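Reading through the structure tokens given below for one structure.
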Amino acid sequence: MKRASYALLAALLATAPAQAHFEYTRWGMTEQQVIAASRGAARVLPAPERRSAGAIEYRVTASQRTDAGPSFTVAFGFASPGGLRCISYRADGDGAGIALRAWLIRRYGQPTARGGRTEQGEESLAWTRPDQIDAEFGPRGALALQCQGD
């Protein structure tokens, strides 16, 4: 019986859809679901502040505080149809970039790839699990993009 329970649990976990591991969101959510799940932290971006990247349009934003104190900006990208597909992170200033780097590593573990011009204070990190995450860190801040994995 115990063996069958473990096999069932493993099968369920293997077929579970990938989830956006950003706090309160899950892949496929609508704008309204993201805002409701945020409990007031997220808001719809006015049309002039929205941006597109291919089929993804960033229409909702929030501010996220790190464990170290500085905050960073999060933008939620949606596809039509399909809902939430990508999350971008922006940290302005050296302290915020360092805090975002630590926040990402705490949540997703060590990156699968590292690069950049470290002698100039620039670093690139990438993760492939649970989702594709690409991050760039520099003296003036950081940018990261997390998109739904396969």
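Labeling convention for the structure tokens: chains A, B, ... as they appear, residues from 1 per chain, ligands from 1 in order of appearance.
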
For the interface of segment 113-147 of chain A with segment 72-90 of chain A (cut-off 7 Å, counting only C-alpha atoms), please tabulate each contacting residue of segment 113-147 of chain A alongside its nearest pair of atoms and their separation in Å to one decimal, rows sorted by chain and increasing number, as a Markdown table.
| residue | atom | partner | partner_atom | distance |
| --- | --- | --- | --- | --- |
| A:Ala142 | CA | A:Arg90 | CA | 5.8 |
| A:Leu143 | CA | A:Arg90 | CA | 4.7 |
| A:Ala144 | CA | A:Tyr89 | CA | 5.0 |
| A:Leu145 | CA | A:Ser88 | CA | 4.4 |
| A:Gln146 | CA | A:Ile87 | CA | 5.1 |
| A:Cys147 | CA | A:Cys86 | CA | 4.1 |

Emit the selected residues as a compact mmCIF listing (two decimals), in the first residue's frame, including N, CA, C and O atoms.
# COMPACT_ATOMS: atom_id res chain seq x y z
N ALA A 142 19.65 45.79 -11.52
CA ALA A 142 19.52 44.46 -12.09
C ALA A 142 18.19 44.32 -12.84
O ALA A 142 17.21 45.00 -12.52
N LEU A 143 18.20 43.44 -13.82
CA LEU A 143 17.01 43.05 -14.56
C LEU A 143 16.97 41.54 -14.62
O LEU A 143 18.02 40.90 -14.82
N ALA A 144 15.80 40.95 -14.46
CA ALA A 144 15.64 39.50 -14.59
C ALA A 144 14.32 39.21 -15.27
O ALA A 144 13.36 39.97 -15.14
N LEU A 145 14.28 38.11 -16.01
CA LEU A 145 13.08 37.70 -16.70
C LEU A 145 12.86 36.22 -16.42
O LEU A 145 13.74 35.40 -16.65
N GLN A 146 11.67 35.91 -15.92
CA GLN A 146 11.26 34.53 -15.64
C GLN A 146 10.06 34.22 -16.52
O GLN A 146 9.06 34.91 -16.46
N CYS A 147 10.19 33.17 -17.34
CA CYS A 147 9.08 32.78 -18.21
C CYS A 147 8.74 31.31 -17.98
O CYS A 147 9.60 30.52 -17.58

Which neighbours of Arg43 of chain A fall inside 10 Å, counting only C-alpha atoms, when residues of the same chain fewer than 4 positions from it are skipped, and could you give them as a list in words?
->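 After dropping sequence-adjacent residues, the list is Glu31, Gln32, Val34, Ile35, Ala36, Ser38, Arg59, Val60, Thr61, Ala62, Ser63 and Ala75 of chain A.
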
Convert the current residue selection to file output with N, CA and C atoms, as a short mmCIF file (atom, residue, chain, number, x, y, z; two decimals), in the first residue's frame.
data_model
loop_
_atom_site.label_atom_id
_atom_site.label_comp_id
_atom_site.auth_asym_id
_atom_site.auth_seq_id
_atom_site.Cartn_x
_atom_site.Cartn_y
_atom_site.Cartn_z
N GLU A 31 -5.22 38.77 -15.42
CA GLU A 31 -4.83 39.99 -14.71
C GLU A 31 -5.59 40.12 -13.40
N GLN A 32 -6.90 39.90 -13.45
CA GLN A 32 -7.73 40.04 -12.27
C GLN A 32 -7.35 39.04 -11.18
N VAL A 34 -4.31 37.73 -10.70
CA VAL A 34 -3.04 38.17 -10.13
C VAL A 34 -3.27 39.29 -9.12
N ILE A 35 -4.08 40.27 -9.49
CA ILE A 35 -4.37 41.39 -8.59
C ILE A 35 -5.07 40.91 -7.33
N ALA A 36 -6.06 40.04 -7.47
CA ALA A 36 -6.78 39.52 -6.30
C ALA A 36 -5.85 38.71 -5.40
N SER A 38 -2.73 39.06 -5.02
CA SER A 38 -1.71 39.92 -4.42
C SER A 38 -2.20 40.64 -3.17
N ARG A 59 1.07 44.02 -18.29
CA ARG A 59 -0.10 44.83 -17.98
C ARG A 59 -0.35 45.03 -16.49
N VAL A 60 0.41 44.36 -15.63
CA VAL A 60 0.21 44.46 -14.18
C VAL A 60 1.58 44.63 -13.54
N THR A 61 1.66 45.43 -12.47
CA THR A 61 2.93 45.65 -11.78
C THR A 61 2.72 45.59 -10.27
N ALA A 62 3.83 45.36 -9.57
CA ALA A 62 3.82 45.35 -8.10
C ALA A 62 5.23 45.68 -7.62
N SER A 63 5.32 46.05 -6.37
CA SER A 63 6.62 46.26 -5.73
C SER A 63 6.80 45.13 -4.73
N ALA A 75 6.86 43.11 -12.99
CA ALA A 75 5.85 43.32 -14.03
C ALA A 75 5.40 41.95 -14.51
#

By how many Å are atom CA of Gln110 of chain A and atom CA of Gln132 of chain A apart?
-> 13.3 Å

Within 8 Å of segment 135-140 of chain A using only C-alpha atoms, minus same-chain residues under 2 positions, as an MDAnalysis selection string | chainID A and resid 92:94 97:98 101 121:126 133 142:145

Write out as a PyMOL selection string all residues of chain A that backbone DSSP assigns to strand (DSSP E).
-> chain A and resi 42-44+51-53+56-65+71-79+83-92+113-115+123-127+132-138+141-147

Shell of 10 Å around Arg65 of chain A, only C-alpha atoms, local chain residues under 6 positions omitted, as JSON, numbers by chain = {"A": [71, 72, 73, 96, 99, 100, 103]}
